[in-house]
Amino acid sequence: MSLFELVVISISLAMDAFTVSMMYGISMPKGNIKKQSFIAFYFGFFQALMPFLGYHLGCVFSKKIQAYDHYIAFIFLMIVGINMLKDAFSEEETNYNFKLLDLTILAFATSIDAFAIGMTFAFLEVAIYQALLIIGIITFLLCLFALQIGRYLNNKFQNKALIFGGIVLILIAFKTLLEHLF
């Protein structure tokens with residue numbers, strides 16, 4: 001997997017955390033950079049931790065199912081992409097607050113797709129530590145940016161970010177499948 005593809009996947013994975021960070025930013029007082037940095041770091045940490053866990057679980061199974069790995073990668077990427085699109089068109093609103101437990105739940109929930117991507121990385125033999133570093137840094141930076149601009153944006157942007165992330169993952173799913181079929 002190329003560096004460009006890792007960056008694109010990292011940006012796609014960060015879209016959920018970006019959206020949640022924007023919601024935090026909307027309700028956060030201006031100028032609280034310490035809290036903003038903590039929230040961005042927290043999301044970045046979970047986005048890097050979950051593919052690490054998924055990768056190691058995937059490594060256990062990768063030798064046994066190597067002949068089918070591209071189908072598995074396709075399915076995982078499609079599921080995550082479709083779920084992101086489904087969330088984008090959902091009418092459900094979420095209230096965001098600053099309790100550590102709530103932040104942990106949101107960080108975990110927004111990084112579940114990263115777990116699936118980590119399993120996919122095992123099947124595709126991706127350089128996992130490079131991927132984790134890229135995912136963590138990009139998520140941190142995007143979340144920090146989202147927190148900064150959150151108070152200027154409204155909830156409509158949330159759906160656009162999820163739509164972008166979902167479409168990118170679906171396109172990468174098809175690319176992965178087509179590369180292995182032809």
# chains A, B, ... in the order shown; residues from 1 in each chain; ligands from 1
$ closest_atom_pairs --of "range 12-88 of chain A" --to "range 112-133 of chain A" --cutoff "7 Å" --atoms "only C-alpha atoms" --output "JSON lines"
{"residue": "A:Leu13", "atom": "CA", "partner": "A:Ala114", "partner_atom": "CA", "distance": 6.3}
{"residue": "A:Gln47", "atom": "CA", "partner": "A:Ala114", "partner_atom": "CA", "distance": 6.1}
{"residue": "A:Ala48", "atom": "CA", "partner": "A:Leu132", "partner_atom": "CA", "distance": 5.0}
{"residue": "A:Met50", "atom": "CA", "partner": "A:Phe115", "partner_atom": "CA", "distance": 4.5}
{"residue": "A:Pro51", "atom": "CA", "partner": "A:Gly118", "partner_atom": "CA", "distance": 3.6}
{"residue": "A:Phe52", "atom": "CA", "partner": "A:Gly118", "partner_atom": "CA", "distance": 6.1}
{"residue": "A:Leu53", "atom": "CA", "partner": "A:Phe115", "partner_atom": "CA", "distance": 6.6}
{"residue": "A:Gly54", "atom": "CA", "partner": "A:Gly118", "partner_atom": "CA", "distance": 4.4}
{"residue": "A:Tyr55", "atom": "CA", "partner": "A:Gly118", "partner_atom": "CA", "distance": 4.3}
{"residue": "A:Leu57", "atom": "CA", "partner": "A:Met119", "partner_atom": "CA", "distance": 6.6}
{"residue": "A:Gly58", "atom": "CA", "partner": "A:Met119", "partner_atom": "CA", "distance": 4.4}
{"residue": "A:Cys59", "atom": "CA", "partner": "A:Ala122", "partner_atom": "CA", "distance": 5.3}
{"residue": "A:Ser62", "atom": "CA", "partner": "A:Phe123", "partner_atom": "CA", "distance": 5.5}
{"residue": "A:Gln66", "atom": "CA", "partner": "A:Phe123", "partner_atom": "CA", "distance": 7.0}
{"residue": "A:Asp69", "atom": "CA", "partner": "A:Phe123", "partner_atom": "CA", "distance": 5.5}
{"residue": "A:Ala73", "atom": "CA", "partner": "A:Thr120", "partner_atom": "CA", "distance": 5.0}
{"residue": "A:Phe76", "atom": "CA", "partner": "A:Ala116", "partner_atom": "CA", "distance": 6.1}
{"residue": "A:Val80", "atom": "CA", "partner": "A:Asp113", "partner_atom": "CA", "distance": 5.8}
$ write_last_selection --atoms "C-alpha atoms" --output "PDB file, in the first residue's frame"
ATOM      1  CA  LEU A  13     -10.840   7.103   9.233  1.00  0.00           C
ATOM      2  CA  GLN A  47      -7.481   5.899  16.007  1.00  0.00           C
ATOM      3  CA  ALA A  48      -3.929   4.495  16.172  1.00  0.00           C
ATOM      4  CA  MET A  50      -7.551   0.251  17.234  1.00  0.00           C
ATOM      5  CA  PRO A  51      -5.809  -0.644  13.944  1.00  0.00           C
ATOM      6  CA  PHE A  52      -2.877  -1.916  16.031  1.00  0.00           C
ATOM      7  CA  LEU A  53      -5.235  -4.315  17.810  1.00  0.00           C
ATOM      8  CA  GLY A  54      -7.019  -5.226  14.585  1.00  0.00           C
ATOM      9  CA  TYR A  55      -3.727  -5.813  12.801  1.00  0.00           C
ATOM     10  CA  LEU A  57      -5.757 -10.150  15.413  1.00  0.00           C
ATOM     11  CA  GLY A  58      -5.677 -10.167  11.613  1.00  0.00           C
ATOM     12  CA  CYS A  59      -2.102 -11.523  11.597  1.00  0.00           C
ATOM     13  CA  SER A  62      -3.983 -14.009   7.651  1.00  0.00           C
ATOM     14  CA  GLN A  66      -4.675 -15.595   2.425  1.00  0.00           C
ATOM     15  CA  ASP A  69      -7.937 -11.801   1.985  1.00  0.00           C
ATOM     16  CA  ALA A  73     -10.624  -6.412   2.920  1.00  0.00           C
ATOM     17  CA  PHE A  76     -14.565  -4.605   5.839  1.00  0.00           C
ATOM     18  CA  VAL A  80     -17.267   0.832   7.228  1.00  0.00           C
TER      19      VAL A  80
END
$ residues_around --residues "Gly44 in chain A" --least-positions-apart "3" --cutoff "10 Å" --atoms "only C-alpha atoms" --output "ChimeraX atom specification"
/A:14,17,38-41,47-49,107,111,132-144
$ residues_around --residues "Lys160 in chain A" --least-positions-apart "6" --cutoff "10 Å" --atoms "only C-alpha atoms" --output "tab-separated table (two decimals) with N, CA and C atoms, in the first residue's frame"
chain	number	residue	atom	x	y	z
A	15	MET	N	-12.60	11.01	9.81
A	15	MET	CA	-13.79	11.81	9.58
A	15	MET	C	-14.79	11.73	10.74
A	19	THR	N	-15.69	14.94	12.99
A	19	THR	CA	-17.05	15.41	13.19
A	19	THR	C	-17.36	15.60	14.67
A	85	LEU	N	-21.78	6.41	5.43
A	85	LEU	CA	-22.82	7.04	4.62
A	85	LEU	C	-24.17	6.99	5.32
A	88	ALA	N	-24.31	9.58	7.89
A	88	ALA	CA	-24.40	10.91	7.30
A	88	ALA	C	-25.85	11.29	7.01
A	89	PHE	N	-26.66	10.31	6.67
A	89	PHE	CA	-28.05	10.58	6.32
A	89	PHE	C	-29.01	10.30	7.47
A	166	GLY	N	-17.01	8.02	3.80
A	166	GLY	CA	-17.66	6.79	3.35
A	166	GLY	C	-17.39	6.49	1.89
$ select_by_dssp --residues "range 1-181 of chain A" --states "alpha helix (DSSP H)" --output "MDAnalysis selection string"
chainID A and resid 3:27 33:62 69:88 100:110 112:124 128:149 156:181
$ closest_residue --among "A:Phe61, A:Phe174, A:Phe46, A:Phe18" --to "Phe108 in chain A" --atoms "only C-alpha atoms"
A:Phe46
$ residues_around --residues "Phe4 in chain A" --least-positions-apart "4" --cutoff "12 Å" --atoms "only C-alpha atoms" --output "PDB file with C-alpha atoms, in the first residue's frame"
ATOM      1  CA  VAL A   8      -6.220   8.875   2.194  1.00  0.00           C
ATOM      2  CA  ILE A   9      -7.307   6.010   4.469  1.00  0.00           C
ATOM      3  CA  SER A  10      -6.128   7.980   7.504  1.00  0.00           C
ATOM      4  CA  ILE A  11      -8.169  10.994   6.468  1.00  0.00           C
ATOM      5  CA  ALA A 131       0.410   3.269   9.145  1.00  0.00           C
ATOM      6  CA  ILE A 134       0.210   8.340   9.973  1.00  0.00           C
ATOM      7  CA  ILE A 172     -10.684   1.913  -1.865  1.00  0.00           C
TER       8      ILE A 172
END
